[in-house]
Amino acid sequence: MSEPITCDVAIVGAGSAGLPAYRAVRDAGLKPLLIEGGPHGTMCARVGCMPSKLLIAAAEAAAAIGHAPAFGVRLEGTARVDGVAVMERVRRERDRFVGFVVDDVQAMPPEHRLDASVEFLRDGVLQTAQGQRIHASRIVLATGTRPIVPDIYAPLGDLAIVNDDVFDWHDLPRSILIVGSGVIGVELGLALARLGVRVRVLNRSGSFAHLQDPAVRASAVGLLAAELALVQNAQVTAVRRDGNQAVVSWQAEDGVAHTESFDKVLLTAGRSPALADLHLERTSMPLDARGMPRVDPATLQVHGHAVFLAGDVTGRHAIQHEASDDGRLAGHNAAAWPDVEALPRRAPIAVVFSNPQIMQVGGGYAQFDPEAMVLGAVDWTRQGRSRVMLRNQGLLHVYVRRADKRFVGAEMVGPDAEHVAHLLAWALQMGLTVTQMLRLPFYHPTIEEGIRTALREAARQLD
C-alpha cells in the first residue's frame with residue numbers, strides 16, 4: 001500500500017470548478033491536491049460548450065446556404081452535408097480545446113496532482129481504489145454531474161445515448177429522437193436538423209429552453225417547433241429495440257398515440273450531482289433525503305464542516321462561468337477556513353445557441369411582479385437592422401422596478417441574443433436605472449437599438 005498523502009486542501013474534480021479552486025488554494029500559499037478519476041479536459045471542453053458549438057457552427061453554415069436565395073443570391077447545383085467531414089472537424093477541434101486544458105494540468109507540480117478515483121473513509125480522509133489514503137484538513141468537491149438515463153430506455157442498449165456520446169460520432173445518423181426540450185435538446189436538435197438529420201423532440205411538459213416568460217416562450221416555440229418536430233406534454237408509453245432501430249411510442253396531449261423508429265435516442269432529460277461514488281454517508285456531514293450535503297449557497301460551505309461544493313455538483317443550472325466562479329469562491333474559503341465569507345457574484349446570464357438565439361438575464365420572468373414592476377417589449381419583426389438581415393423574428397421583454405426605475409432582468413428570443421444578453425447583464429450588475437441605460441449610446445442601424453425600444457416602452461409606463 002502506498003504511503004498516505006497529506007495536504008491542506010484536497011480538490012476532488014479537475015473541471016471548470018476544480019481548476020479555479022486549485023489555483024485559489026495555491027495562490028493562498030497552501031498545499032493543494034487536485035484529484036481526478038476520469039479524463040482531464042473539463043466537461044465544457046470535452047463534451048459540453050465547445051464541441052456543441054462546433055456542431056452548431058456547421059449547421060449554421062448549412063442554413064446560410066439555404067437562406068441565400070432570399071437575398072437574391074442564386075446557388076448553382078445542390079449543397080450537400082458531408083456528415084463524416086462535419087464530425088471529423090468537431091472531434092479535431094474538440095481535441096484541440098481539450099489539449100489546452102490537459103497541458104495546463106500536466107504543467108502542475110507532480111505533488112499537486114493525483115489521477116485516481118477516491119471515496120470518503122471518514123471525515124477528512126479520502127481513499128483511492130488501491131487503498132492509498134489522503135488526509136486533508138479541508139476538501140472541495142467539484143465532481144460535476146452525470147446524465148440521467150430513465151429505466152424505460154434500457155432496452156435500447158447503445159441506441160440510447162447522452163450528449164457526451166454525440167461528439168465521438170464518425171458520421172451523422174439518419175434520424176434521432178431527442179427526449180427533453182431544455183438547452184441541450186434545443187441546441188443539438190436544431191443543429192442536427194439543419195445538417196439533414198430527421199429529428200423529433202419529445203418533452204413531457206410545456207417548458208422550452210428554460211424560458212419562464214409565457215410570451216417569449218410562445219414566440220420561441222412558434223419559431224423553432226417545426227424544425228424540431230416538437231411534441232410537448234408527451235408521455236412515452238413504450239420503448240423497444242428492433243435490430244438497429246429504436247422504436248418509441250408516446251401519447252400526445254390530445255390523447256392520440258404515435259410510434260416512430262429512429263437510429264438513435266438522445267436523452268437530455270437532466271443531470272444529477274455525481275456524489276454517490278464518494279460515499280458521503282461515511283462522514284458526519286448533514287445530508288438531505290437525496291444524499292446531498294446541506295450547503296450554504298453564499299459561501300459554498302457544508303454546514304459545520306471544512307468541506308465546500310463548487311460547480312454543477314451543487315445542483316444549480318450548469319453554466320461554465322458560474323462553475324468557475326464557484327471554484328474560485330470554494331478555493332478561497334477552503335484556504336481561509338474557518339474565516340469563510342460570501343464574495344460578490346456576477347449578474348445571472350444564460351444563452352441558448354439556437355437560431356434565433358434565446359437568452360435570460362437576472363431572475364427572468366420568475367421575479368416579475370406586475371404590481372411592483374413594468375415590462376418593456378420589442379417585437380423584432382419590426383426592428384430595422386434585423387429586417388435588413390432577414391433575421392427579424394422574436395421578442396424581447398425587459399423588466400424594470402417601479403420604485404427606483406432599476407432594470408432587474410430580461411428574457412428574449414431573437415437575433416444576436418448572446419450580445420444583447422451581455423449588454424443587459426452588465427447594466428444589471430452595475431445597478432443601472434432605465435433612465436441611465438437610455439443615456440448610453442445606441443448606434444444606427446444596429447440590433448442594439450431594439451434594446452432601446454424596449455427600455456423606452458418601460459420608461460413611458462414609469463412616467
# chains A, B, ... in the order shown; residues from 1 in each chain; ligands from 1
$ residues_around --residues "Val420 in chain A" --least-positions-apart "3" --cutoff "8 Å" --atoms "only C-alpha atoms" --output "ChimeraX atom specification"
/A:416-417,423-424,448,451
$ select_by_dssp --residues "range 192-333 of chain A" --states "alpha helix (DSSP H)" --output "CSV table (one decimal) with N, CA, C and O atoms, in the first residue's frame"
chain,number,residue,atom,x,y,z
A,192,LEU,N,-28.7,19.3,-35.6
A,192,LEU,CA,-28.8,18.1,-36.4
A,192,LEU,C,-29.8,18.2,-37.5
A,192,LEU,O,-29.6,17.7,-38.6
A,193,ALA,N,-31.0,18.9,-37.2
A,193,ALA,CA,-32.0,19.1,-38.2
A,193,ALA,C,-31.5,19.8,-39.4
A,193,ALA,O,-31.7,19.5,-40.5
A,194,ARG,N,-30.7,20.9,-39.1
A,194,ARG,CA,-30.1,21.7,-40.2
A,194,ARG,C,-29.0,21.0,-40.9
A,194,ARG,O,-28.6,21.5,-42.0
A,214,PRO,N,-44.1,33.7,-20.5
A,214,PRO,CA,-45.0,32.9,-21.3
A,214,PRO,C,-45.0,33.5,-22.8
A,214,PRO,O,-45.1,32.7,-23.7
A,215,ALA,N,-45.0,34.8,-22.9
A,215,ALA,CA,-45.0,35.4,-24.3
A,215,ALA,C,-43.7,35.1,-25.1
A,215,ALA,O,-43.7,34.7,-26.2
A,216,VAL,N,-42.6,35.2,-24.4
A,216,VAL,CA,-41.3,34.9,-25.0
A,216,VAL,C,-41.2,33.4,-25.3
A,216,VAL,O,-40.7,33.0,-26.4
A,217,ARG,N,-41.7,32.6,-24.4
A,217,ARG,CA,-41.6,31.1,-24.7
A,217,ARG,C,-42.5,30.8,-25.8
A,217,ARG,O,-42.1,30.0,-26.7
A,218,ALA,N,-43.7,31.4,-25.9
A,218,ALA,CA,-44.6,31.1,-27.0
A,218,ALA,C,-44.0,31.5,-28.4
A,218,ALA,O,-44.1,30.8,-29.4
A,219,SER,N,-43.3,32.6,-28.4
A,219,SER,CA,-42.6,33.1,-29.6
A,219,SER,C,-41.5,32.1,-30.0
A,219,SER,O,-41.4,31.8,-31.1
A,220,ALA,N,-40.7,31.7,-29.0
A,220,ALA,CA,-39.6,30.7,-29.3
A,220,ALA,C,-40.2,29.4,-29.8
A,220,ALA,O,-39.7,28.9,-30.8
A,221,VAL,N,-41.2,28.9,-29.2
A,221,VAL,CA,-41.8,27.6,-29.7
A,221,VAL,C,-42.4,27.8,-31.1
A,221,VAL,O,-42.2,27.0,-32.0
A,222,GLY,N,-43.0,29.0,-31.4
A,222,GLY,CA,-43.6,29.2,-32.7
A,222,GLY,C,-42.5,29.3,-33.8
A,222,GLY,O,-42.7,28.8,-34.9
A,223,LEU,N,-41.3,29.8,-33.4
A,223,LEU,CA,-40.3,29.9,-34.4
A,223,LEU,C,-39.5,28.6,-34.6
A,223,LEU,O,-39.0,28.4,-35.7
A,224,LEU,N,-39.4,27.8,-33.6
A,224,LEU,CA,-38.4,26.6,-33.7
A,224,LEU,C,-39.1,25.3,-33.6
A,224,LEU,O,-38.5,24.3,-34.0
A,225,ALA,N,-40.4,25.2,-33.2
A,225,ALA,CA,-41.0,23.9,-33.0
A,225,ALA,C,-41.1,23.1,-34.3
A,225,ALA,O,-40.9,21.8,-34.3
A,226,ALA,N,-41.3,23.7,-35.5
A,226,ALA,CA,-41.4,22.9,-36.7
A,226,ALA,C,-40.2,22.2,-37.1
A,226,ALA,O,-40.2,21.0,-37.4
A,227,GLU,N,-39.0,22.9,-37.0
A,227,GLU,CA,-37.7,22.2,-37.3
A,227,GLU,C,-37.4,21.1,-36.3
A,227,GLU,O,-36.8,20.1,-36.7
A,228,LEU,N,-37.8,21.3,-35.1
A,228,LEU,CA,-37.6,20.2,-34.1
A,228,LEU,C,-38.6,19.1,-34.1
A,228,LEU,O,-38.4,18.1,-33.4
A,320,GLN,N,-20.8,27.4,-17.5
A,320,GLN,CA,-19.4,27.4,-17.3
A,320,GLN,C,-18.8,28.5,-16.4
A,320,GLN,O,-18.0,28.2,-15.5
A,321,HIS,N,-19.2,29.7,-16.7
A,321,HIS,CA,-18.5,30.8,-16.0
A,321,HIS,C,-19.0,30.8,-14.5
A,321,HIS,O,-18.2,31.2,-13.6
A,322,GLU,N,-20.2,30.3,-14.2
A,322,GLU,CA,-20.7,30.2,-12.9
A,322,GLU,C,-19.9,29.1,-12.1
A,322,GLU,O,-19.6,29.2,-10.9
A,323,ALA,N,-19.7,28.0,-12.8
A,323,ALA,CA,-18.9,26.9,-12.2
A,323,ALA,C,-17.5,27.4,-11.8
A,323,ALA,O,-16.9,27.1,-10.8
A,324,SER,N,-16.9,28.2,-12.7
A,324,SER,CA,-15.5,28.8,-12.4
A,324,SER,C,-15.6,29.7,-11.3
A,324,SER,O,-14.7,29.7,-10.4
A,325,ASP,N,-16.6,30.6,-11.2
A,325,ASP,CA,-16.8,31.5,-10.0
A,325,ASP,C,-16.9,30.7,-8.8
A,325,ASP,O,-16.3,31.0,-7.7
A,326,ASP,N,-17.7,29.6,-8.8
A,326,ASP,CA,-17.9,28.7,-7.7
A,326,ASP,C,-16.5,28.2,-7.2
A,326,ASP,O,-16.2,28.1,-6.0
A,327,GLY,N,-15.7,27.7,-8.2
A,327,GLY,CA,-14.4,27.2,-7.8
A,327,GLY,C,-13.5,28.1,-7.1
A,327,GLY,O,-12.9,27.8,-6.1
A,328,ARG,N,-13.5,29.4,-7.7
A,328,ARG,CA,-12.7,30.4,-7.0
A,328,ARG,C,-13.2,30.7,-5.6
A,328,ARG,O,-12.4,30.8,-4.7
A,329,LEU,N,-14.5,30.8,-5.4
A,329,LEU,CA,-15.1,31.0,-4.1
A,329,LEU,C,-14.8,29.9,-3.1
A,329,LEU,O,-14.4,30.1,-2.0
A,330,ALA,N,-15.0,28.7,-3.6
A,330,ALA,CA,-14.8,27.5,-2.7
A,330,ALA,C,-13.3,27.4,-2.4
A,330,ALA,O,-13.0,27.1,-1.2
A,331,GLY,N,-12.4,27.6,-3.4
A,331,GLY,CA,-11.0,27.5,-3.1
A,331,GLY,C,-10.5,28.6,-2.1
A,331,GLY,O,-9.7,28.4,-1.2
A,332,HIS,N,-11.1,29.8,-2.3
A,332,HIS,CA,-10.8,30.9,-1.4
A,332,HIS,C,-11.2,30.6,0.0
A,332,HIS,O,-10.4,30.8,1.0
A,333,ASN,N,-12.4,30.1,0.2
A,333,ASN,CA,-12.9,29.9,1.5
A,333,ASN,C,-12.3,28.6,2.1
A,333,ASN,O,-12.1,28.6,3.4
$ atom_distance --atom1 "CA of Gln232 in chain A" --atom2 "CA of Phe167 in chain A"
26.5 Å
$ atom_distance --atom1 "CA of Ala310 in chain A" --atom2 "CA of Ser16 in chain A"
9.3 Å
$ residues_around --residues "range 388-392 of chain A" --least-positions-apart "5" --cutoff "10 Å" --atoms "only C-alpha atoms" --output "MDAnalysis selection string"
chainID A and resid 67 70:71 355:356 379:383 414:416 445:447
$ write_last_selection --atoms "N, CA, C and O atoms" --output "short mmCIF file (atom, residue, chain, number, x, y, z; two decimals), in the first residue's frame"
data_model
loop_
_atom_site.label_atom_id
_atom_site.label_comp_id
_atom_site.auth_asym_id
_atom_site.auth_seq_id
_atom_site.Cartn_x
_atom_site.Cartn_y
_atom_site.Cartn_z
N HIS A 67 -30.51 29.97 -46.97
CA HIS A 67 -31.09 31.30 -46.76
C HIS A 67 -30.69 32.28 -47.86
O HIS A 67 -31.33 33.32 -48.03
N ALA A 70 -33.04 34.17 -50.58
CA ALA A 70 -33.93 35.25 -50.11
C ALA A 70 -33.29 36.62 -50.32
O ALA A 70 -33.99 37.63 -50.38
N PHE A 71 -31.97 36.67 -50.46
CA PHE A 71 -31.25 37.92 -50.71
C PHE A 71 -30.99 38.13 -52.20
O PHE A 71 -30.32 39.09 -52.59
N ASN A 355 -31.05 29.28 -33.31
CA ASN A 355 -31.11 30.37 -34.29
C ASN A 355 -32.56 30.52 -34.72
O ASN A 355 -33.06 29.68 -35.46
N PRO A 356 -33.29 31.56 -34.24
CA PRO A 356 -32.80 32.66 -33.42
C PRO A 356 -32.41 32.21 -32.01
O PRO A 356 -32.90 31.21 -31.51
N ASP A 379 -40.78 43.92 -30.52
CA ASP A 379 -41.10 42.87 -31.47
C ASP A 379 -40.07 42.96 -32.59
O ASP A 379 -40.03 43.95 -33.33
N TRP A 380 -39.24 41.94 -32.71
CA TRP A 380 -38.13 42.02 -33.66
C TRP A 380 -38.58 42.02 -35.11
O TRP A 380 -37.80 42.37 -36.01
N THR A 381 -39.84 41.66 -35.40
CA THR A 381 -40.29 41.66 -36.79
C THR A 381 -40.28 43.06 -37.38
O THR A 381 -40.20 43.22 -38.60
N ARG A 382 -40.32 44.07 -36.51
CA ARG A 382 -40.40 45.46 -36.98
C ARG A 382 -39.09 46.22 -36.76
O ARG A 382 -39.04 47.42 -37.01
N GLN A 383 -38.04 45.54 -36.31
CA GLN A 383 -36.79 46.22 -35.97
C GLN A 383 -35.91 46.35 -37.21
O GLN A 383 -35.70 45.39 -37.96
N GLY A 414 -34.50 35.90 -30.34
CA GLY A 414 -34.34 36.82 -31.45
C GLY A 414 -32.90 36.91 -31.90
O GLY A 414 -32.03 36.15 -31.45
N PRO A 415 -32.60 37.86 -32.80
CA PRO A 415 -31.27 37.96 -33.40
C PRO A 415 -30.21 38.42 -32.40
O PRO A 415 -30.45 39.31 -31.59
N ASP A 416 -29.05 37.78 -32.47
CA ASP A 416 -27.89 38.17 -31.65
C ASP A 416 -28.22 38.26 -30.17
O ASP A 416 -27.72 39.14 -29.45
N PRO A 445 -27.59 51.78 -37.96
CA PRO A 445 -28.62 50.83 -37.54
C PRO A 445 -27.96 49.59 -36.93
O PRO A 445 -27.08 48.99 -37.53
N THR A 446 -28.41 49.20 -35.76
CA THR A 446 -27.87 48.03 -35.07
C THR A 446 -29.00 47.26 -34.40
O THR A 446 -30.09 47.79 -34.16
N ILE A 447 -28.70 46.02 -34.09
CA ILE A 447 -29.62 45.21 -33.31
C ILE A 447 -29.85 45.85 -31.94
O ILE A 447 -30.95 45.82 -31.39
#
$ atom_distance --atom1 "CA of Ala116 in chain A" --atom2 "CA of Ala14 in chain A"
11.3 Å
$ select_by_dssp --residues "range 232-413 of chain A" --states "strand (DSSP E)" --output "count of residues only"
62
$ closest_residue --among "A:Val179, A:Ala238, A:Ala276, A:Val248" --to "Gly144 in chain A" --atoms "only C-alpha atoms"
A:Ala276
$ residues_around --residues "range 82-99 of chain A" --least-positions-apart "2" --cutoff "12 Å" --atoms "only C-alpha atoms" --output "ChimeraX atom specification"
/A:15-16,39-59,61-62,79-80,101-106,165-174,191-192,194-197
$ residues_around --residues "range 290-304 of chain A" --least-positions-apart "5" --cutoff "7 Å" --atoms "only C-alpha atoms" --output "ChimeraX atom specification"
/A:285,309-310,330,340-342
$ write_last_selection --atoms "N, CA, C and O atoms" --output "PDB file, in the first residue's frame"
ATOM      1  N   MET A 285     -21.205  14.659   7.722  1.00  0.00           N
ATOM      2  CA  MET A 285     -21.839  15.778   7.025  1.00  0.00           C
ATOM      3  C   MET A 285     -23.359  15.609   7.025  1.00  0.00           C
ATOM      4  O   MET A 285     -23.859  14.497   6.812  1.00  0.00           O
ATOM      5  N   LEU A 309     -18.635  22.725  -1.710  1.00  0.00           N
ATOM      6  CA  LEU A 309     -19.089  22.240  -3.013  1.00  0.00           C
ATOM      7  C   LEU A 309     -18.961  23.347  -4.042  1.00  0.00           C
ATOM      8  O   LEU A 309     -19.224  24.525  -3.733  1.00  0.00           O
ATOM      9  N   ALA A 310     -18.561  22.988  -5.274  1.00  0.00           N
ATOM     10  CA  ALA A 310     -18.375  24.003  -6.311  1.00  0.00           C
ATOM     11  C   ALA A 310     -18.790  23.455  -7.664  1.00  0.00           C
ATOM     12  O   ALA A 310     -18.520  22.299  -7.997  1.00  0.00           O
ATOM     13  N   ALA A 330     -15.011  28.656  -3.602  1.00  0.00           N
ATOM     14  CA  ALA A 330     -14.789  27.491  -2.742  1.00  0.00           C
ATOM     15  C   ALA A 330     -13.307  27.367  -2.385  1.00  0.00           C
ATOM     16  O   ALA A 330     -12.956  27.080  -1.227  1.00  0.00           O
ATOM     17  N   VAL A 340     -14.562  31.962   6.619  1.00  0.00           N
ATOM     18  CA  VAL A 340     -15.179  31.966   5.295  1.00  0.00           C
ATOM     19  C   VAL A 340     -16.015  33.221   5.116  1.00  0.00           C
ATOM     20  O   VAL A 340     -16.436  33.861   6.085  1.00  0.00           O
ATOM     21  N   GLU A 341     -16.247  33.591   3.865  1.00  0.00           N
ATOM     22  CA  GLU A 341     -17.027  34.790   3.569  1.00  0.00           C
ATOM     23  C   GLU A 341     -17.798  34.593   2.270  1.00  0.00           C
ATOM     24  O   GLU A 341     -17.461  33.741   1.447  1.00  0.00           O
ATOM     25  N   ALA A 342     -18.837  35.396   2.116  1.00  0.00           N
ATOM     26  CA  ALA A 342     -19.610  35.412   0.875  1.00  0.00           C
ATOM     27  C   ALA A 342     -19.031  36.484  -0.027  1.00  0.00           C
ATOM     28  O   ALA A 342     -18.987  37.662   0.350  1.00  0.00           O
TER      29      ALA A 342
END
$ closest_residue --among "A:Ser354, A:Ser272, A:Asn163, A:Gln360" --to "Thr143 in chain A" --atoms "only C-alpha atoms"
A:Ser272
